[in-house]
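Q: Supplied structure: run_5.txt, compact mmCIF, C-alpha atoms and all ligand atoms.
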# COMPACT_ATOMS: atom_id res chain seq x y z
CA MET L 1 -5.81 43.25 86.07
CA ASP L 2 -8.53 45.52 87.37
CA LYS L 3 -10.26 47.25 84.49
CA SER L 4 -12.34 49.39 86.84
CA LYS L 5 -9.25 51.56 87.38
CA ARG L 6 -9.68 53.07 83.92
CA LYS L 7 -12.37 54.26 81.56
CA ALA L 8 -13.56 52.29 78.57
CA VAL L 9 -13.49 54.69 75.64
CA ILE L 10 -15.03 54.00 72.24
CA ALA L 11 -13.96 56.56 69.65
CA GLY L 12 -15.10 56.81 66.05
CA ASN L 13 -12.55 58.07 63.54
CA TRP L 14 -14.65 59.22 60.60
CA LYS L 15 -11.53 59.99 58.53
CA MET L 16 -12.29 62.03 55.38
CA ASN L 17 -15.97 61.14 55.25
CA LYS L 18 -19.30 62.98 55.51
CA THR L 19 -20.34 66.45 54.43
CA ALA L 20 -21.85 68.88 56.92
CA ALA L 21 -25.38 67.67 56.17
CA GLU L 22 -24.36 64.02 56.36
CA THR L 23 -22.54 64.65 59.64
CA SER L 24 -25.68 66.08 61.15
CA VAL L 25 -27.76 63.08 60.05
CA LEU L 26 -25.24 60.58 61.38
CA ILE L 27 -25.07 62.32 64.76
CA GLU L 28 -28.85 62.48 64.95
CA GLU L 29 -29.03 58.73 64.37
CA LEU L 30 -26.23 57.99 66.80
CA LEU L 31 -27.28 60.08 69.82
CA PRO L 32 -30.27 57.96 70.92
CA LEU L 33 -28.35 54.74 70.28
CA ALA L 34 -25.42 55.89 72.42
CA SER L 35 -27.39 57.53 75.23
CA GLY L 36 -27.33 54.47 77.50
CA ALA L 37 -23.60 53.87 77.14
CA ASN L 38 -21.65 52.83 80.17
CA CYS L 39 -18.41 53.93 78.54
CA ASP L 40 -17.08 57.19 77.13
CA VAL L 41 -18.10 57.81 73.54
CA VAL L 42 -16.20 60.07 71.14
CA ILE L 43 -16.76 60.93 67.48
CA CYS L 44 -14.05 62.47 65.31
CA PRO L 45 -15.55 64.02 62.17
CA PRO L 46 -13.44 65.99 59.67
CA MET L 47 -12.11 69.36 60.89
CA VAL L 48 -14.64 71.48 58.99
CA ASN L 49 -17.55 69.87 60.81
CA LEU L 50 -16.16 69.83 64.36
CA GLY L 51 -17.91 73.02 65.48
CA ALA L 52 -21.30 71.88 64.27
CA ALA L 53 -20.75 68.42 65.74
CA ALA L 54 -19.83 69.90 69.12
CA GLN L 55 -22.99 72.03 69.06
CA GLN L 56 -25.20 69.12 68.07
CA THR L 57 -23.81 66.84 70.79
CA LEU L 58 -23.92 69.49 73.52
CA GLY L 59 -25.58 68.07 76.64
CA SER L 60 -25.30 64.50 75.37
CA ASN L 61 -22.88 61.76 76.41
CA VAL L 62 -21.07 61.92 73.06
CA ALA L 63 -17.90 64.01 72.97
CA VAL L 64 -16.16 65.34 69.88
CA GLY L 65 -12.53 64.85 68.88
CA SER L 66 -10.30 66.04 66.06
CA GLN L 67 -8.33 63.75 63.78
CA ASN L 68 -5.19 65.88 64.01
CA ILE L 69 -3.85 68.93 65.85
CA HIS L 70 -0.89 71.25 65.33
CA PHE L 71 1.77 71.85 67.95
CA GLU L 72 2.07 75.63 67.59
CA GLN L 73 -0.57 78.02 68.88
CA SER L 74 -0.71 80.10 65.71
CA GLY L 75 1.43 81.20 62.79
CA ALA L 76 2.48 80.29 59.29
CA TYR L 77 1.37 76.65 59.20
CA THR L 78 -0.88 76.50 56.16
CA GLY L 79 -3.63 73.93 56.50
CA GLU L 80 -3.10 73.25 60.20
CA VAL L 81 -5.36 73.80 63.22
CA SER L 82 -4.21 74.63 66.77
CA ALA L 83 -5.33 73.28 70.12
CA ASP L 84 -6.90 76.60 71.10
CA MET L 85 -8.96 76.66 67.92
CA LEU L 86 -10.24 73.16 68.66
CA LEU L 87 -10.99 73.97 72.29
CA ASP L 88 -12.88 77.04 71.20
CA LEU L 89 -15.19 74.83 69.15
CA GLY L 90 -15.96 72.55 72.08
CA VAL L 91 -13.64 69.73 71.03
CA LYS L 92 -12.43 67.51 73.90
CA TYR L 93 -10.16 64.90 72.27
CA ALA L 94 -7.50 64.87 69.55
CA ILE L 95 -6.28 61.82 67.65
CA VAL L 96 -2.52 62.13 67.24
CA GLY L 97 -0.19 60.14 65.02
CA HIS L 98 -2.72 58.00 63.20
CA SER L 99 -0.89 55.68 60.81
CA GLU L 100 -2.49 57.40 57.81
CA ARG L 101 -0.93 60.66 58.97
CA ARG L 102 2.39 58.93 59.48
CA GLN L 103 2.17 57.27 56.06
CA TYR L 104 0.75 60.05 53.88
CA PHE L 105 1.67 63.24 55.73
CA ALA L 106 5.17 62.52 56.97
CA GLU L 107 4.19 62.40 60.63
CA THR L 108 7.08 61.13 62.77
CA ASP L 109 7.35 59.97 66.36
CA GLU L 110 8.83 63.40 67.14
CA THR L 111 5.96 65.38 65.62
CA VAL L 112 3.51 63.00 67.28
CA ASN L 113 5.15 63.93 70.58
CA LEU L 114 4.87 67.66 69.85
CA ARG L 115 1.25 67.41 68.78
CA ALA L 116 0.31 65.27 71.77
CA LYS L 117 2.01 67.74 74.10
CA ALA L 118 0.11 70.65 72.58
CA ALA L 119 -3.17 68.78 72.98
CA VAL L 120 -2.60 67.87 76.62
CA ALA L 121 -1.20 71.30 77.54
CA ALA L 122 -4.45 72.81 76.26
CA GLY L 123 -6.57 70.40 78.29
CA LEU L 124 -7.58 68.08 75.47
CA THR L 125 -7.25 64.32 75.77
CA ALA L 126 -4.74 63.00 73.24
CA ILE L 127 -5.48 59.66 71.61
CA ILE L 128 -1.96 58.66 70.58
CA CYS L 129 -1.82 55.98 67.88
CA VAL L 130 0.95 53.41 67.67
CA GLY L 131 1.25 50.20 65.70
CA GLU L 132 3.37 48.08 63.42
CA SER L 133 3.21 47.37 59.69
CA LEU L 134 2.76 43.85 58.38
CA GLU L 135 6.43 43.70 57.46
CA GLN L 136 7.44 44.71 60.97
CA ARG L 137 5.13 42.09 62.49
CA GLU L 138 6.61 39.44 60.24
CA GLN L 139 10.12 40.53 61.22
CA GLY L 140 9.16 40.02 64.86
CA VAL L 141 9.81 43.61 65.93
CA THR L 142 6.25 44.56 66.90
CA GLU L 143 6.86 44.93 70.61
CA GLU L 144 10.15 46.82 70.24
CA LEU L 145 8.62 49.16 67.70
CA VAL L 146 5.49 49.87 69.70
CA ARG L 147 7.56 50.44 72.83
CA LEU L 148 9.70 52.94 70.94
CA GLN L 149 6.71 54.76 69.41
CA THR L 150 5.05 54.97 72.82
CA LYS L 151 8.15 56.23 74.61
CA VAL L 152 8.99 58.89 72.05
CA ALA L 153 5.37 60.03 71.83
CA LEU L 154 5.35 60.51 75.60
CA GLY L 155 8.66 62.37 75.86
CA GLY L 156 8.29 65.14 78.46
CA PHE L 157 4.93 63.91 79.77
CA THR L 158 4.48 63.83 83.55
CA ALA L 159 2.45 61.28 85.50
CA ALA L 160 -0.27 63.94 85.89
CA ASP L 161 -0.34 64.48 82.11
CA MET L 162 -1.13 60.79 81.68
CA GLN L 163 -4.67 61.45 82.90
CA LYS L 164 -5.19 63.16 79.55
CA VAL L 165 -3.61 60.43 77.42
CA ILE L 166 -5.16 57.44 75.69
CA ILE L 167 -2.95 55.07 73.72
CA ALA L 168 -4.53 53.43 70.68
CA TYR L 169 -2.80 50.28 69.49
CA GLU L 170 -3.56 50.11 65.78
CA PRO L 171 -1.67 47.49 63.77
CA VAL L 172 -1.35 49.12 60.35
CA TRP L 173 -2.14 45.84 58.56
CA ALA L 174 -5.52 45.70 60.29
CA ILE L 175 -6.69 49.22 59.44
CA GLY L 176 -9.40 49.33 56.82
CA THR L 177 -8.46 45.85 55.62
CA GLY L 178 -11.13 43.79 57.33
CA ARG L 179 -8.25 41.84 58.82
CA THR L 180 -8.51 42.22 62.59
CA ALA L 181 -5.80 41.31 65.05
CA THR L 182 -6.91 38.33 67.09
CA ALA L 183 -7.97 39.18 70.61
CA ASP L 184 -4.78 37.51 71.86
CA GLN L 185 -2.59 39.55 69.51
CA ALA L 186 -4.33 42.77 70.60
CA GLU L 187 -3.97 41.83 74.27
CA GLU L 188 -0.30 40.96 73.89
CA VAL L 189 0.62 44.37 72.47
CA CYS L 190 -1.74 46.37 74.72
CA ALA L 191 -0.16 44.61 77.72
CA ALA L 192 3.31 45.49 76.38
CA ILE L 193 2.24 49.13 76.11
CA ARG L 194 1.00 49.10 79.70
CA LYS L 195 4.35 47.64 80.74
CA VAL L 196 6.18 50.58 79.11
CA LEU L 197 3.82 52.98 80.89
CA ALA L 198 4.57 51.23 84.19
CA GLU L 199 8.30 51.54 83.55
CA LEU L 200 7.90 55.25 82.85
CA TYR L 201 5.31 56.25 85.45
CA GLY L 202 4.82 53.35 87.87
CA GLN L 203 2.16 50.64 87.90
CA GLN L 204 -0.56 52.75 89.49
CA VAL L 205 -0.43 55.39 86.75
CA ALA L 206 -0.13 52.71 84.06
CA ASP L 207 -3.21 50.93 85.40
CA GLY L 208 -5.22 54.14 85.03
CA VAL L 209 -4.45 54.71 81.34
CA THR L 210 -7.00 53.66 78.75
CA ILE L 211 -5.47 51.58 75.96
CA GLN L 212 -7.63 51.11 72.89
CA TYR L 213 -7.39 48.62 70.07
CA GLY L 214 -8.08 49.81 66.54
CA GLY L 215 -8.07 48.07 63.18
CA SER L 216 -11.23 46.61 61.64
CA MET L 217 -13.00 46.48 64.99
CA ASN L 218 -16.67 45.85 64.27
CA ALA L 219 -19.99 44.82 65.77
CA ALA L 220 -19.08 41.14 65.49
CA ASN L 221 -15.58 41.11 66.95
CA ALA L 222 -15.71 43.95 69.50
CA ALA L 223 -16.92 41.92 72.48
CA GLU L 224 -14.10 39.41 72.24
CA LEU L 225 -11.42 42.09 71.80
CA LEU L 226 -12.83 44.18 74.65
CA SER L 227 -13.01 41.17 76.97
CA LYS L 228 -9.20 41.15 77.17
CA PRO L 229 -7.75 42.62 80.37
CA ASN L 230 -5.61 45.27 78.69
CA VAL L 231 -7.96 46.24 75.86
CA ASP L 232 -9.97 49.13 77.32
CA GLY L 233 -11.74 50.46 74.30
CA GLY L 234 -11.60 50.92 70.57
CA LEU L 235 -10.68 53.40 67.89
CA ILE L 236 -13.06 52.58 65.11
CA GLY L 237 -12.91 53.70 61.49
CA GLY L 238 -15.29 52.09 59.01
CA ALA L 239 -17.80 50.77 61.54
CA SER L 240 -18.13 54.19 63.19
CA LEU L 241 -19.90 55.46 60.07
CA LYS L 242 -22.72 52.94 60.59
CA PRO L 243 -24.78 53.96 63.63
CA ALA L 244 -26.08 50.47 64.44
CA ASP L 245 -22.61 48.93 64.23
CA PHE L 246 -21.02 51.71 66.27
CA ALA L 247 -23.79 51.32 68.84
CA ALA L 248 -23.14 47.58 69.04
CA ILE L 249 -19.47 48.28 69.78
CA ILE L 250 -20.49 50.83 72.45
CA ASN L 251 -22.74 48.18 73.99
CA ALA L 252 -19.92 45.65 73.96
CA ALA L 253 -17.78 48.13 75.90
CA SER L 254 -20.58 48.95 78.34
CA VAL L 255 -20.74 45.62 80.16
P1 LIG F 301 -10.89 50.74 60.61
O1 LIG F 301 -9.98 52.01 61.01
O2 LIG F 301 -11.76 50.45 61.81
O3 LIG F 301 -11.64 51.16 59.41
O4 LIG F 301 -9.94 49.61 60.35
C1 LIG F 301 -9.45 52.15 62.29
C2 LIG F 301 -8.65 53.42 62.36
O5 LIG F 301 -7.99 53.77 61.38
O6 LIG F 301 -8.64 54.11 63.39
Show me, as structure tokens, the structure contained in the file I just sent.

A:
Amino acid sequence: MDKSKRKAVIAGNWKMNKTAAETSVLIEELLPLASGANCDVVICPPMVNLGAAAQQTLGSNVAVGSQNIHFEQSGAYTGEVSADMLLDLGVKYAIVGHSERRQYFAETDETVNLRAKAAVAAGLTAIICVGESLEQREQGVTEELVRLQTKVALGGFTAADMQKVIIAYEPVWAIGTGRTATADQAEEVCAAIRKVLAELYGQQVADGVTIQYGGSMNAANAAELLSKPNVDGGLIGGASLKPADFAAIINAASV
């Protein structure tokens, strides 16, 4: 497998953390640490701080992403934010279908598809999250489930659209638990995702799609996970709030 066909992307999902002032401090600490990265670097602060984050990172190699996006352009959708609003702020990426949104905010494969479509149609890169629960892994349905999530999320996407899609494999049991998938487990599912992409769009397109691993990725385990042929980057929660740890993960992806 030739990893040079696709970009390594390290994205930090800050979740519901950091005030405006704290966001500014964290970005200030991160920018010099990330400046030598030989991979794409993305930070995803909470919605209210996206505009300021985009301003502060302007001209740097750090891009800004949202943690969610709505599928309509405007209207009566209290609490939601559209693709155009994000673009207007200078946002370049949108996380879609994170397991916390699926679990706590009734996100389904169908709404993930709609949100991802809205992101890509607007020119944003969608980071589409898929992954199994512990129960599903123990039942032995991981691959089937992840295949299904991936296929439904990509309904209506063309091969050209896939240039604006990243898939993040995030086993739910590994998120925020300190329990990381082994590098072999991550590779197995990321390879299965690439196989679905090849079935849908052909091998050449599939080989160009970045597939991230997420779930307790940290400074200590990143290098091993990222050494796997189908693990092209990471979606990082907890460790992305610690500049030195996030920088170590960026370095591990920059080899
Ligand atoms: P974690 O979160 O790194 O804290 O496990 C990953 C994620 O939810 O994207």

Q: If we count only C-alpha atoms and set the cut-off at 9 Å, which residues sit around Ser227 (chain L), ignoring sequence neighbours fewer than 5 positions away in its own chain? Please answer as a VMD selection string.

A: chain L and resid 183 222 232 252 to 253

Q: Could you jot down the CA of Thr142 (chain L) to CA of Glu188 (chain L) separation for me, Å, one decimal place?

A: 10.2 Å

Q: Choose the residue, out of L:Ile43, L:Met85, L:Leu200, L:Leu58, that has the smallest atom-to-atom separation from ligand LIG 301 (chain F); count only C-alpha atoms and all ligand atoms.

A: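 That would be L:Ile43, the residue with the smallest distance to ligand LIG 301 (chain F).
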
Q: List all protein, DNA and RNA residues that have any atom at most 9 Å from ligand LIG 301 (chain F), counting all atoms listed in the file, and write the list as a short mmCIF file (atom, residue, chain, number, x, y, z; two decimals) with C-alpha atoms, in the frame of the given file.

A:
data_model
loop_
_atom_site.label_atom_id
_atom_site.label_comp_id
_atom_site.auth_asym_id
_atom_site.auth_seq_id
_atom_site.Cartn_x
_atom_site.Cartn_y
_atom_site.Cartn_z
CA ALA L 11 -13.96 56.56 69.65
CA GLY L 12 -15.10 56.81 66.05
CA ASN L 13 -12.55 58.07 63.54
CA TRP L 14 -14.65 59.22 60.60
CA LYS L 15 -11.53 59.99 58.53
CA HIS L 98 -2.72 58.00 63.20
CA SER L 99 -0.89 55.68 60.81
CA GLU L 100 -2.49 57.40 57.81
CA CYS L 129 -1.82 55.98 67.88
CA ALA L 168 -4.53 53.43 70.68
CA GLU L 170 -3.56 50.11 65.78
CA VAL L 172 -1.35 49.12 60.35
CA TRP L 173 -2.14 45.84 58.56
CA ALA L 174 -5.52 45.70 60.29
CA ILE L 175 -6.69 49.22 59.44
CA GLY L 176 -9.40 49.33 56.82
CA THR L 177 -8.46 45.85 55.62
CA GLY L 178 -11.13 43.79 57.33
CA ARG L 179 -8.25 41.84 58.82
CA THR L 180 -8.51 42.22 62.59
CA TYR L 213 -7.39 48.62 70.07
CA GLY L 214 -8.08 49.81 66.54
CA GLY L 215 -8.07 48.07 63.18
CA SER L 216 -11.23 46.61 61.64
CA MET L 217 -13.00 46.48 64.99
CA ASN L 218 -16.67 45.85 64.27
CA GLY L 234 -11.60 50.92 70.57
CA LEU L 235 -10.68 53.40 67.89
CA ILE L 236 -13.06 52.58 65.11
CA GLY L 237 -12.91 53.70 61.49
CA GLY L 238 -15.29 52.09 59.01
CA ALA L 239 -17.80 50.77 61.54
CA SER L 240 -18.13 54.19 63.19
#

Q: Which residue, L:Tyr93, L:Phe157, L:Phe71, L:Tyr77, has the smallest gap to Thr111 (chain L) when you use all atoms listed in the file?

A: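 Comparing L:Tyr93, L:Phe157, L:Phe71, L:Tyr77 against Thr111 (chain L), the winner is L:Phe71.
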
Q: With distances taken over only C-alpha atoms, which of L:Ser4, L:Asn221, L:Thr125, L:Thr158 is nearest to Val42 (chain L)?

A: L:Thr125

Q: Applying 7 Å and all atoms listed in the file, which residues near Ala118 (chain L) remain after dropping the ones on its own chain fewer than 4 positions away? List them as a ChimeraX atom specification.

A: /L:71,83,114,122

Q: For Arg147 (chain L), which of L:Asp207, L:Asp109, L:Asp88, L:Glu29 is the closest residue, counting only C-alpha atoms?

A: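 The shortest atom-to-atom distance to Arg147 (chain L) comes from L:Asp109.
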
Q: If we count all atoms listed in the file and set the cut-off at 12 Å, which residues sit around Ile193 (chain L), ignoring sequence neighbours fewer than 5 positions away in its own chain? Please answer as an MDAnalysis selection string.

A: chainID L and resid 128:131 142:151 154 166:170 186:188 198:200 203 206:207 209:213 230:231

Q: Produce a file of the selected residues containing C-alpha atoms, as a compact mmCIF listing (two decimals), keeping the file's coordinate frame.

A:
# COMPACT_ATOMS: atom_id res chain seq x y z
CA ILE L 128 -1.96 58.66 70.58
CA CYS L 129 -1.82 55.98 67.88
CA VAL L 130 0.95 53.41 67.67
CA GLY L 131 1.25 50.20 65.70
CA THR L 142 6.25 44.56 66.90
CA GLU L 143 6.86 44.93 70.61
CA GLU L 144 10.15 46.82 70.24
CA LEU L 145 8.62 49.16 67.70
CA VAL L 146 5.49 49.87 69.70
CA ARG L 147 7.56 50.44 72.83
CA LEU L 148 9.70 52.94 70.94
CA GLN L 149 6.71 54.76 69.41
CA THR L 150 5.05 54.97 72.82
CA LYS L 151 8.15 56.23 74.61
CA LEU L 154 5.35 60.51 75.60
CA ILE L 166 -5.16 57.44 75.69
CA ILE L 167 -2.95 55.07 73.72
CA ALA L 168 -4.53 53.43 70.68
CA TYR L 169 -2.80 50.28 69.49
CA GLU L 170 -3.56 50.11 65.78
CA ALA L 186 -4.33 42.77 70.60
CA GLU L 187 -3.97 41.83 74.27
CA GLU L 188 -0.30 40.96 73.89
CA ALA L 198 4.57 51.23 84.19
CA GLU L 199 8.30 51.54 83.55
CA LEU L 200 7.90 55.25 82.85
CA GLN L 203 2.16 50.64 87.90
CA ALA L 206 -0.13 52.71 84.06
CA ASP L 207 -3.21 50.93 85.40
CA VAL L 209 -4.45 54.71 81.34
CA THR L 210 -7.00 53.66 78.75
CA ILE L 211 -5.47 51.58 75.96
CA GLN L 212 -7.63 51.11 72.89
CA TYR L 213 -7.39 48.62 70.07
CA ASN L 230 -5.61 45.27 78.69
CA VAL L 231 -7.96 46.24 75.86

Q: Taking all atoms listed in the file into account, name the residue in L:Arg115, L:Thr57, L:Ala126, L:Gln136 that is nearest to Val81 (chain L).

A: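 Checking each candidate against Val81 (chain L), we get L:Arg115 as the closest.
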
Q: Using all atoms listed in the file, which residue out of L:Ala223, L:Leu50, L:Ile95, L:Ala192 lies closest to Thr19 (chain L)?

A: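 Looking at the shortest contact to Thr19 (chain L), the residue is L:Leu50.
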
Q: Measure the distance from CA of Gly155 (chain L) to CA of Asn113 (chain L) in Å and round it to one decimal.

A: 6.5 Å

Q: Neighbours of Asn49 (chain L) within 12 Å (all atoms listed in the file; same-chain residues fewer than 3 positions away dropped), as a PyMOL selection string?

A: chain L and resi 14-24+27+43-46+52-56+64-67+86+89-91

Q: So how far away is CA of Ser82 (chain L) from CA of Arg194 (chain L), in Å?

A: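 We find that CA of Arg194 (chain L) and CA of Ser82 (chain L) lie 29.1 Å from each other.
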